[in-house]
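What follows is one structure encoded as structure tokens, with my remarks underneath.
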Amino acid sequence: QVQLVESGGGLVQAGGSLRLSCVVSGRTFSWYVMGWFRRAPGKEREFIATISANSLRTYYSDSVKGRFSISRDNAKNSVYLQMNSLKPEDTAVYYCAAAHIGRGGNYYSDSAYDLWGQGTQVTVSS
């Protein structure tokens, strides 16, 4: 059974930092491109960051570029999202997602990903 389990969310003051983790089980992790998305209340799910299977390429949305950093540890079947300089508008449920490298597609789009975690809440107070 495939599972993506996020952790690390919580309540933080503006300007603070959080590190999200996502552990993947039931699949060969190194065969997957990994992404982070978020959904704020009343909004569409939004692309945040993606990392290639071999960690050589990372891409970010303009809204988080320079503040967030995605990384992965294939030995631990884990992907991370380091979030710094958090703003109240970063408040959302954050999801990790996995896309098999054979699928191809636009990794900025949630349609490229076939596996999803349950989400972890991040709340940034002003």
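Starting from 1 in every chain, residues are counted up; chains themselves are A, B, ... following the order of the structure tokens, and ligands are numbered from 1 as listed.
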
Query raised in the report: Excluding same-chain residues fewer than 6 positions from A:Met83, what lies within 12 Å of it counting only C-alpha atoms, as number ranges by chain?
Result: A: 8-10, 12, 14-21, 36, 48-49, 63-71, 90-91, 94, 122, 124

Tell me which protein, DNA and RNA residues are within 8 Å of A:Asp114, counting only C-alpha atoms, leaving out same-chain ones fewer than 2 positions away, and put them as a PDB file with all heavy atoms, in the first residue's frame.
```
ATOM      1  N   ALA A  97       3.392  15.385  -3.032  1.00  0.00           N
ATOM      2  CA  ALA A  97       2.872  14.598  -4.144  1.00  0.00           C
ATOM      3  C   ALA A  97       4.029  13.939  -4.876  1.00  0.00           C
ATOM      4  O   ALA A  97       5.152  14.460  -4.881  1.00  0.00           O
ATOM      5  CB  ALA A  97       2.077  15.492  -5.095  1.00  0.00           C
ATOM      6  N   ALA A  98       3.718  12.806  -5.494  1.00  0.00           N
ATOM      7  CA  ALA A  98       4.739  12.036  -6.208  1.00  0.00           C
ATOM      8  C   ALA A  98       4.286  11.771  -7.636  1.00  0.00           C
ATOM      9  O   ALA A  98       3.119  11.420  -7.867  1.00  0.00           O
ATOM     10  CB  ALA A  98       5.016  10.721  -5.483  1.00  0.00           C
ATOM     11  N   ALA A  99       5.217  11.931  -8.561  1.00  0.00           N
ATOM     12  CA  ALA A  99       4.942  11.654  -9.974  1.00  0.00           C
ATOM     13  C   ALA A  99       5.995  10.691 -10.490  1.00  0.00           C
ATOM     14  O   ALA A  99       7.197  11.011 -10.451  1.00  0.00           O
ATOM     15  CB  ALA A  99       4.970  12.945 -10.777  1.00  0.00           C
ATOM     16  N   HIS A 100       5.568   9.531 -10.975  1.00  0.00           N
ATOM     17  CA  HIS A 100       6.531   8.562 -11.516  1.00  0.00           C
ATOM     18  C   HIS A 100       7.283   9.202 -12.683  1.00  0.00           C
ATOM     19  O   HIS A 100       6.667   9.878 -13.524  1.00  0.00           O
ATOM     20  CB  HIS A 100       5.792   7.297 -11.959  1.00  0.00           C
ATOM     21  CG  HIS A 100       6.706   6.166 -12.262  1.00  0.00           C
ATOM     22  ND1 HIS A 100       7.329   6.032 -13.480  1.00  0.00           N
ATOM     23  CD2 HIS A 100       7.118   5.127 -11.497  1.00  0.00           C
ATOM     24  CE1 HIS A 100       8.085   4.954 -13.464  1.00  0.00           C
ATOM     25  NE2 HIS A 100       7.976   4.378 -12.275  1.00  0.00           N
ATOM     26  N   SER A 111      -1.907  17.870 -11.996  1.00  0.00           N
ATOM     27  CA  SER A 111      -2.317  16.744 -12.832  1.00  0.00           C
ATOM     28  C   SER A 111      -1.152  15.820 -13.181  1.00  0.00           C
ATOM     29  O   SER A 111      -1.368  14.689 -13.612  1.00  0.00           O
ATOM     30  CB  SER A 111      -2.986  17.239 -14.110  1.00  0.00           C
ATOM     31  OG  SER A 111      -2.067  17.997 -14.875  1.00  0.00           O
ATOM     32  N   ALA A 112       0.078  16.264 -13.002  1.00  0.00           N
ATOM     33  CA  ALA A 112       1.243  15.425 -13.301  1.00  0.00           C
ATOM     34  C   ALA A 112       1.508  14.412 -12.196  1.00  0.00           C
ATOM     35  O   ALA A 112       2.271  13.471 -12.387  1.00  0.00           O
ATOM     36  CB  ALA A 112       2.477  16.302 -13.498  1.00  0.00           C
ATOM     37  N   TRP A 116      -0.640  11.272  -3.563  1.00  0.00           N
ATOM     38  CA  TRP A 116      -0.770  12.452  -2.707  1.00  0.00           C
ATOM     39  C   TRP A 116      -0.812  12.062  -1.235  1.00  0.00           C
ATOM     40  O   TRP A 116      -1.346  10.997  -0.877  1.00  0.00           O
ATOM     41  CB  TRP A 116      -2.066  13.201  -3.038  1.00  0.00           C
ATOM     42  CG  TRP A 116      -2.021  13.839  -4.385  1.00  0.00           C
ATOM     43  CD1 TRP A 116      -2.327  13.250  -5.582  1.00  0.00           C
ATOM     44  CD2 TRP A 116      -1.645  15.173  -4.679  1.00  0.00           C
ATOM     45  NE1 TRP A 116      -2.143  14.151  -6.600  1.00  0.00           N
ATOM     46  CE2 TRP A 116      -1.734  15.338  -6.078  1.00  0.00           C
ATOM     47  CE3 TRP A 116      -1.237  16.260  -3.898  1.00  0.00           C
ATOM     48  CZ2 TRP A 116      -1.422  16.551  -6.705  1.00  0.00           C
ATOM     49  CZ3 TRP A 116      -0.942  17.456  -4.519  1.00  0.00           C
ATOM     50  CH2 TRP A 116      -1.033  17.589  -5.910  1.00  0.00           C
TER      51      TRP A 116
END
```

**Report entry** For A:Gln13: contacts at 9 Å, only C-alpha atoms, fewer than 6 positions along chain excluded, given as a list in words
**Finding:**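 Listed by chain and then number, they are Leu86, Lys87, Pro88, Thr123, Val124, Ser125 and Ser126 of chain A.
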
Contacts of A:Ala53 within 8 Å, only C-alpha atoms, excl. fewer than 5 positions in-chain, as a PDB file with all heavy atoms, in the first residue's frame:
```
ATOM      1  N   SER A  30      13.053   6.610  -5.405  1.00  0.00           N
ATOM      2  CA  SER A  30      13.967   7.250  -6.361  1.00  0.00           C
ATOM      3  C   SER A  30      13.427   7.250  -7.785  1.00  0.00           C
ATOM      4  O   SER A  30      14.044   7.833  -8.675  1.00  0.00           O
ATOM      5  CB  SER A  30      15.332   6.569  -6.319  1.00  0.00           C
ATOM      6  OG  SER A  30      15.206   5.198  -6.640  1.00  0.00           O
ATOM      7  N   TRP A  31      12.298   6.618  -8.022  1.00  0.00           N
ATOM      8  CA  TRP A  31      11.667   6.654  -9.333  1.00  0.00           C
ATOM      9  C   TRP A  31      10.674   7.801  -9.466  1.00  0.00           C
ATOM     10  O   TRP A  31       9.993   7.914 -10.476  1.00  0.00           O
ATOM     11  CB  TRP A  31      10.923   5.353  -9.605  1.00  0.00           C
ATOM     12  CG  TRP A  31      11.813   4.174  -9.801  1.00  0.00           C
ATOM     13  CD1 TRP A  31      13.191   4.144  -9.868  1.00  0.00           C
ATOM     14  CD2 TRP A  31      11.389   2.808  -9.939  1.00  0.00           C
ATOM     15  NE1 TRP A  31      13.625   2.854 -10.041  1.00  0.00           N
ATOM     16  CE2 TRP A  31      12.556   2.013 -10.093  1.00  0.00           C
ATOM     17  CE3 TRP A  31      10.139   2.193  -9.954  1.00  0.00           C
ATOM     18  CZ2 TRP A  31      12.493   0.630 -10.249  1.00  0.00           C
ATOM     19  CZ3 TRP A  31      10.087   0.815 -10.115  1.00  0.00           C
ATOM     20  CH2 TRP A  31      11.251   0.055 -10.261  1.00  0.00           C
ATOM     21  N   TYR A  32      10.571   8.633  -8.455  1.00  0.00           N
ATOM     22  CA  TYR A  32       9.517   9.648  -8.432  1.00  0.00           C
ATOM     23  C   TYR A  32      10.059  11.056  -8.355  1.00  0.00           C
ATOM     24  O   TYR A  32      10.950  11.362  -7.555  1.00  0.00           O
ATOM     25  CB  TYR A  32       8.569   9.408  -7.249  1.00  0.00           C
ATOM     26  CG  TYR A  32       7.671   8.214  -7.472  1.00  0.00           C
ATOM     27  CD1 TYR A  32       8.132   6.935  -7.219  1.00  0.00           C
ATOM     28  CD2 TYR A  32       6.383   8.387  -7.975  1.00  0.00           C
ATOM     29  CE1 TYR A  32       7.313   5.845  -7.465  1.00  0.00           C
ATOM     30  CE2 TYR A  32       5.566   7.300  -8.211  1.00  0.00           C
ATOM     31  CZ  TYR A  32       6.042   6.025  -7.957  1.00  0.00           C
ATOM     32  OH  TYR A  32       5.236   4.950  -8.204  1.00  0.00           O
ATOM     33  N   VAL A  33       9.497  11.918  -9.176  1.00  0.00           N
ATOM     34  CA  VAL A  33       9.604  13.357  -8.990  1.00  0.00           C
ATOM     35  C   VAL A  33       8.674  13.721  -7.841  1.00  0.00           C
ATOM     36  O   VAL A  33       7.556  13.213  -7.764  1.00  0.00           O
ATOM     37  CB  VAL A  33       9.192  14.110 -10.271  1.00  0.00           C
ATOM     38  CG1 VAL A  33       9.131  15.609 -10.026  1.00  0.00           C
ATOM     39  CG2 VAL A  33      10.122  13.767 -11.417  1.00  0.00           C
ATOM     40  N   MET A  34       9.142  14.592  -6.963  1.00  0.00           N
ATOM     41  CA  MET A  34       8.334  14.961  -5.807  1.00  0.00           C
ATOM     42  C   MET A  34       7.973  16.444  -5.865  1.00  0.00           C
ATOM     43  O   MET A  34       8.754  17.276  -6.346  1.00  0.00           O
ATOM     44  CB  MET A  34       9.090  14.684  -4.508  1.00  0.00           C
ATOM     45  CG  MET A  34       9.426  13.215  -4.282  1.00  0.00           C
ATOM     46  SD  MET A  34       7.966  12.152  -4.205  1.00  0.00           S
ATOM     47  CE  MET A  34       7.127  12.809  -2.749  1.00  0.00           C
ATOM     48  N   ILE A 101       8.568   8.985 -12.753  1.00  0.00           N
ATOM     49  CA  ILE A 101       9.367   9.632 -13.785  1.00  0.00           C
ATOM     50  C   ILE A 101       8.940   9.225 -15.189  1.00  0.00           C
ATOM     51  O   ILE A 101       9.211   9.929 -16.162  1.00  0.00           O
ATOM     52  CB  ILE A 101      10.871   9.357 -13.587  1.00  0.00           C
ATOM     53  CG1 ILE A 101      11.159   7.851 -13.531  1.00  0.00           C
ATOM     54  CG2 ILE A 101      11.369  10.057 -12.330  1.00  0.00           C
ATOM     55  CD1 ILE A 101      12.627   7.495 -13.414  1.00  0.00           C
TER      56      ILE A 101
END
```

Compile the contact shell of A:Arg38 as a CSV table (one decimal) with N, CA and C atoms, in the first residue's frame: residues with an atom at most 7 Å away, counting only C-alpha atoms, same-chain residues fewer than 6 positions apart removed.
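Contents of the output file part-v9.csv:
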```csv
chain,number,residue,atom,x,y,z
A,45,ARG,N,-5.8,24.6,-5.3
A,45,ARG,CA,-4.6,24.1,-4.9
A,45,ARG,C,-3.5,24.7,-5.7
A,46,GLU,N,-2.4,25.1,-5.1
A,46,GLU,CA,-1.3,25.9,-5.7
A,46,GLU,C,0.0,25.1,-5.7
A,47,PHE,N,0.7,25.1,-6.8
A,47,PHE,CA,2.1,24.6,-6.9
A,47,PHE,C,3.0,25.4,-6.0
A,48,ILE,N,3.9,24.7,-5.3
A,48,ILE,CA,4.9,25.4,-4.5
A,48,ILE,C,6.3,25.1,-5.0
A,92,ALA,N,-2.0,27.6,4.9
A,92,ALA,CA,-2.7,26.7,4.0
A,92,ALA,C,-2.5,25.3,4.5
A,93,VAL,N,-3.1,24.3,3.9
A,93,VAL,CA,-2.8,22.9,4.0
A,93,VAL,C,-1.8,22.6,3.0
A,94,TYR,N,-0.7,22.0,3.4
A,94,TYR,CA,0.4,21.7,2.5
A,94,TYR,C,0.4,20.2,2.2
A,95,TYR,N,0.6,19.8,0.9
A,95,TYR,CA,0.5,18.5,0.5
A,95,TYR,C,1.8,18.1,-0.3
```

Requested in this report: Would you mind reading off the distance between atom CA of A:Arg72 and atom CA of A:Glu89, one decimal, in Å?
Outcome: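 Straight-line distance from atom CA of A:Arg72 to atom CA of A:Glu89 works out to 25.2 Å.
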